[in-house]
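Below you'll find the structure, written out as structure tokens, and then a few comments.
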Amino acid sequence: HIQHLYHRAGFGIQPSLLVSIEKLSREEIVDGLFNSSKKFEAFNIDLSDLPIDTSGLSKSKKQELRKLSRKKIFELDVLWMKRMSETEAVLREKITFFFHDHFAVRMNSPHANLHLNNILREHALGNFGTMLMEVSKSPAMIAFLNNKQNRKSSPNENFAREVMELFTLGRDNGYTENDIHEAARAFTGWSFTNDGTFEFNTYFHDDGEKTFLGETGNFKGEDIIEILLKQKQTAQYLTEKLVDFLISRPISDESIERFTTIFFENSYNLSILIKEILLSDEFDSEESIGCRIKSPTELIVGLTRQFKIDFKDP
């Protein structure tokens, strides 16, 4: 049962640690996981050789920098695997890994990737609403889902659709095509500067009245996100995904509703929800143990962590 907890809330447990904590209560062990992950430590890599603004550079220099960017992204992958394999903050890294999939983007910019990864890490055990707002305003998400091209003259609906379908309500859960269109209007003008700072361009923003999920007003993008967070369906969608990640088997509708209500009534506090799941009978049941196939990342990190494997060629 302790190994099961550490596989799901982390990446496995070393035999020496297992022996040292096996006499503790389940509550004490879960509290230990949270305590060791309390501190946020940003993930860093040297990107000083990669200028953010490449305008004015020659074609050959830009090609050289693109090659270096690919190399740096590979380094990011390897260093994150190393951190997951060695960190004491296993719960924070495991939930960062979960949200890396939830807010999936594909970017060729090491700066944008690193920035997004640290947003997820910082808020992994904090507030989902805060995380959602910061992710939505990140260069990675703005660029990936074309919000930079979203202007009042021709609204781009990519981000407006995905923020509902993938990040909050879930596919076909209570929103219409018109809600997507109105949300897209609210997100017009969202952009970022060359150094990656969020920028709201009023010239490109549609400041007309909008109706979204039954509410009407002169909404901006932040208002849309706040309205989405007021929907209990958002709490349920996140709860269902975390239950699938941590428990990994179907549980009763009553249990989902119980977890959802706790999450919603505690203003999207992720630590409260995750602790409730980890201490639940559903999580600790015999049916939950050993029922989940590890992803390749979890498999390699788990083996590395438990047996202190050192790769000659990471």
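By order in the structure tokens, chains are A, B, ...; within a chain, residues start at 1; ligands start at 1, following the order shown.
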Quiz item: Where does DSSP see helix (DSSP H, G or I) in segment 29-97 of chain A, if you list the residues as a ChimeraX atom specification?
Solution: /A:29-36,59-86,90-97
Exercise. Do a neighbour search on Asn194 of chain A at 9 Å with only C-alpha atoms, toss out local chain neighbours closer than 3 positions, and write the hits as a ChimeraX atom specification.
Key: /A:52-53,197
I need the residues from that last selection saved to file as a short mmCIF file (atom, residue, chain, number, x, y, z; two decimals), in the first residue's frame (with all heavy atoms), if you can.
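So the final result, stored in selection.cif, reads:
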data_model
loop_
_atom_site.label_atom_id
_atom_site.label_comp_id
_atom_site.auth_asym_id
_atom_site.auth_seq_id
_atom_site.Cartn_x
_atom_site.Cartn_y
_atom_site.Cartn_z
N ILE A 52 16.12 36.13 -27.50
CA ILE A 52 14.67 36.04 -27.67
C ILE A 52 14.24 36.73 -28.96
O ILE A 52 13.39 36.22 -29.70
CB ILE A 52 13.96 36.65 -26.45
CG1 ILE A 52 14.28 35.83 -25.20
CG2 ILE A 52 12.45 36.70 -26.67
CD1 ILE A 52 13.77 36.43 -23.92
N ASP A 53 14.83 37.86 -29.25
CA ASP A 53 14.49 38.62 -30.47
C ASP A 53 15.52 38.30 -31.56
O ASP A 53 16.70 38.64 -31.44
CB ASP A 53 14.48 40.11 -30.15
CG ASP A 53 14.02 40.95 -31.35
OD1 ASP A 53 13.63 40.35 -32.38
OD2 ASP A 53 14.05 42.19 -31.24
N THR A 197 6.73 38.80 -22.06
CA THR A 197 5.78 39.41 -21.12
C THR A 197 4.40 39.51 -21.75
O THR A 197 4.26 39.91 -22.90
CB THR A 197 6.26 40.82 -20.72
OG1 THR A 197 7.57 40.73 -20.18
CG2 THR A 197 5.32 41.44 -19.69
#
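Taking atom CA of Asn44 of chain A and atom CA of Glu75 of chain A as the two end points, the separation is 10.9 Å.
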Which residues of segment 222-314 of chain A come within 10 Å of segment 160-173 of chain A, and what is each one's closest atom pair and distance in Å (one decimal), counting only C-alpha atoms, sorted by chain and residue number, as a tab-separated table?
residue	atom	partner	partner_atom	distance
A:Ile224	CA	A:Ala160	CA	9.1
A:Ile225	CA	A:Val163	CA	8.5
A:Leu228	CA	A:Thr168	CA	6.9
A:Leu229	CA	A:Thr168	CA	7.7
A:Gln231	CA	A:Leu169	CA	7.9
A:Lys232	CA	A:Leu169	CA	8.7
A:Gln233	CA	A:Leu169	CA	5.6
A:Thr234	CA	A:Leu169	CA	4.6
A:Ala235	CA	A:Thr168	CA	7.7
A:Gln236	CA	A:Leu169	CA	8.1
A:Tyr237	CA	A:Leu169	CA	6.0
A:Leu238	CA	A:Thr168	CA	7.1
Quiz prompt | Residues within 9 Å of Gly129 of chain A, only C-alpha atoms, excluding chain neighbours under 4 positions, as a VMD selection string | solution = chain A and resid 133 to 134 225 to 226 229 267 to 269
Quiz prompt | Nearest-residue call for Glu298 of chain A, choices A:Ser85, A:Ser58, A:His1, A:Asn35, using only C-alpha atoms | solution = A:Ser85
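All residues within segment 37-251 of chain A that the backbone DSSP calculation assigns to strand (DSSP E or B) are Asn127, Arg151, Ser154, Trp190, Ser191, Phe192, Phe198, Glu199, Phe200, Lys210, Thr211, Phe212, Glu215, Thr216 and Gly217 of chain A.
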Quiz item: Could you name the residues that touch Pro15 of chain A at 12 Å or less, counting only C-alpha atoms, but leaving out those on the same chain fewer than 6 positions away, as a ChimeraX atom specification?
Solution: /A:2-3,6,21-22,305-308
Create the file for the chosen residues now, containing C-alpha atoms and written as a compact mmCIF listing (two decimals), in the first residue's frame.
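Result written to again.txt:
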# COMPACT_ATOMS: atom_id res chain seq x y z
CA ILE A 2 2.91 2.38 0.67
CA GLN A 3 4.53 1.42 -2.64
CA TYR A 6 4.50 6.37 -3.92
CA ILE A 21 8.34 4.84 7.12
CA GLU A 22 6.44 1.54 7.13
CA ARG A 305 14.78 6.63 -8.83
CA GLN A 306 14.28 3.29 -7.08
CA PHE A 307 17.53 1.65 -8.16
CA LYS A 308 19.74 4.75 -8.56
Contacts of segment 232-263 of chain A with segment 292-297 of chain A up to 9 Å, shortest pair per row, only C-alpha atoms, as a tab-separated table:
residue	atom	partner	partner_atom	distance
A:Phe245	CA	A:Arg292	CA	8.8
A:Ile247	CA	A:Arg292	CA	8.4
A:Ser248	CA	A:Arg292	CA	6.0
A:Arg249	CA	A:Arg292	CA	8.1
Practice problem: Determine the nearest neighbour of His123 of chain A from the options A:Leu270, A:Asn108, A:Lys275, A:Ala89, counting only C-alpha atoms. | Solution: A:Leu270
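Comparing A:Phe263, A:Lys82, A:Phe40, A:Glu122 by their smallest distance to Asp310 of chain A, the closest is A:Lys82 (using only C-alpha atoms).
Look at Val243 of chain A: the protein and nucleic acid residues within 9 Å of it, using only C-alpha atoms and passing over chain neighbours fewer than 5 places away, are Leu238, Ser248, Arg249, Pro250, Ile251, Ile256, Phe259, Ile274, Ile277 and Phe283 of chain A.
For the atom pair formed by atom CA of Glu41 of chain A and atom CA of Trp190 of chain A, the distance is 28.5 Å, given to one decimal.
The residue that comes closest to Glu86 of chain A, out of A:Ile13, A:Leu278, A:Ala183, A:Ile289 and on the basis of only C-alpha atoms, is A:Ile13.
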Practice problem: Could you tell me which of A:Leu114, A:Leu5, A:Met81, A:Leu33 comes closest to Leu299 of chain A if we count only C-alpha atoms? | Solution: A:Met81
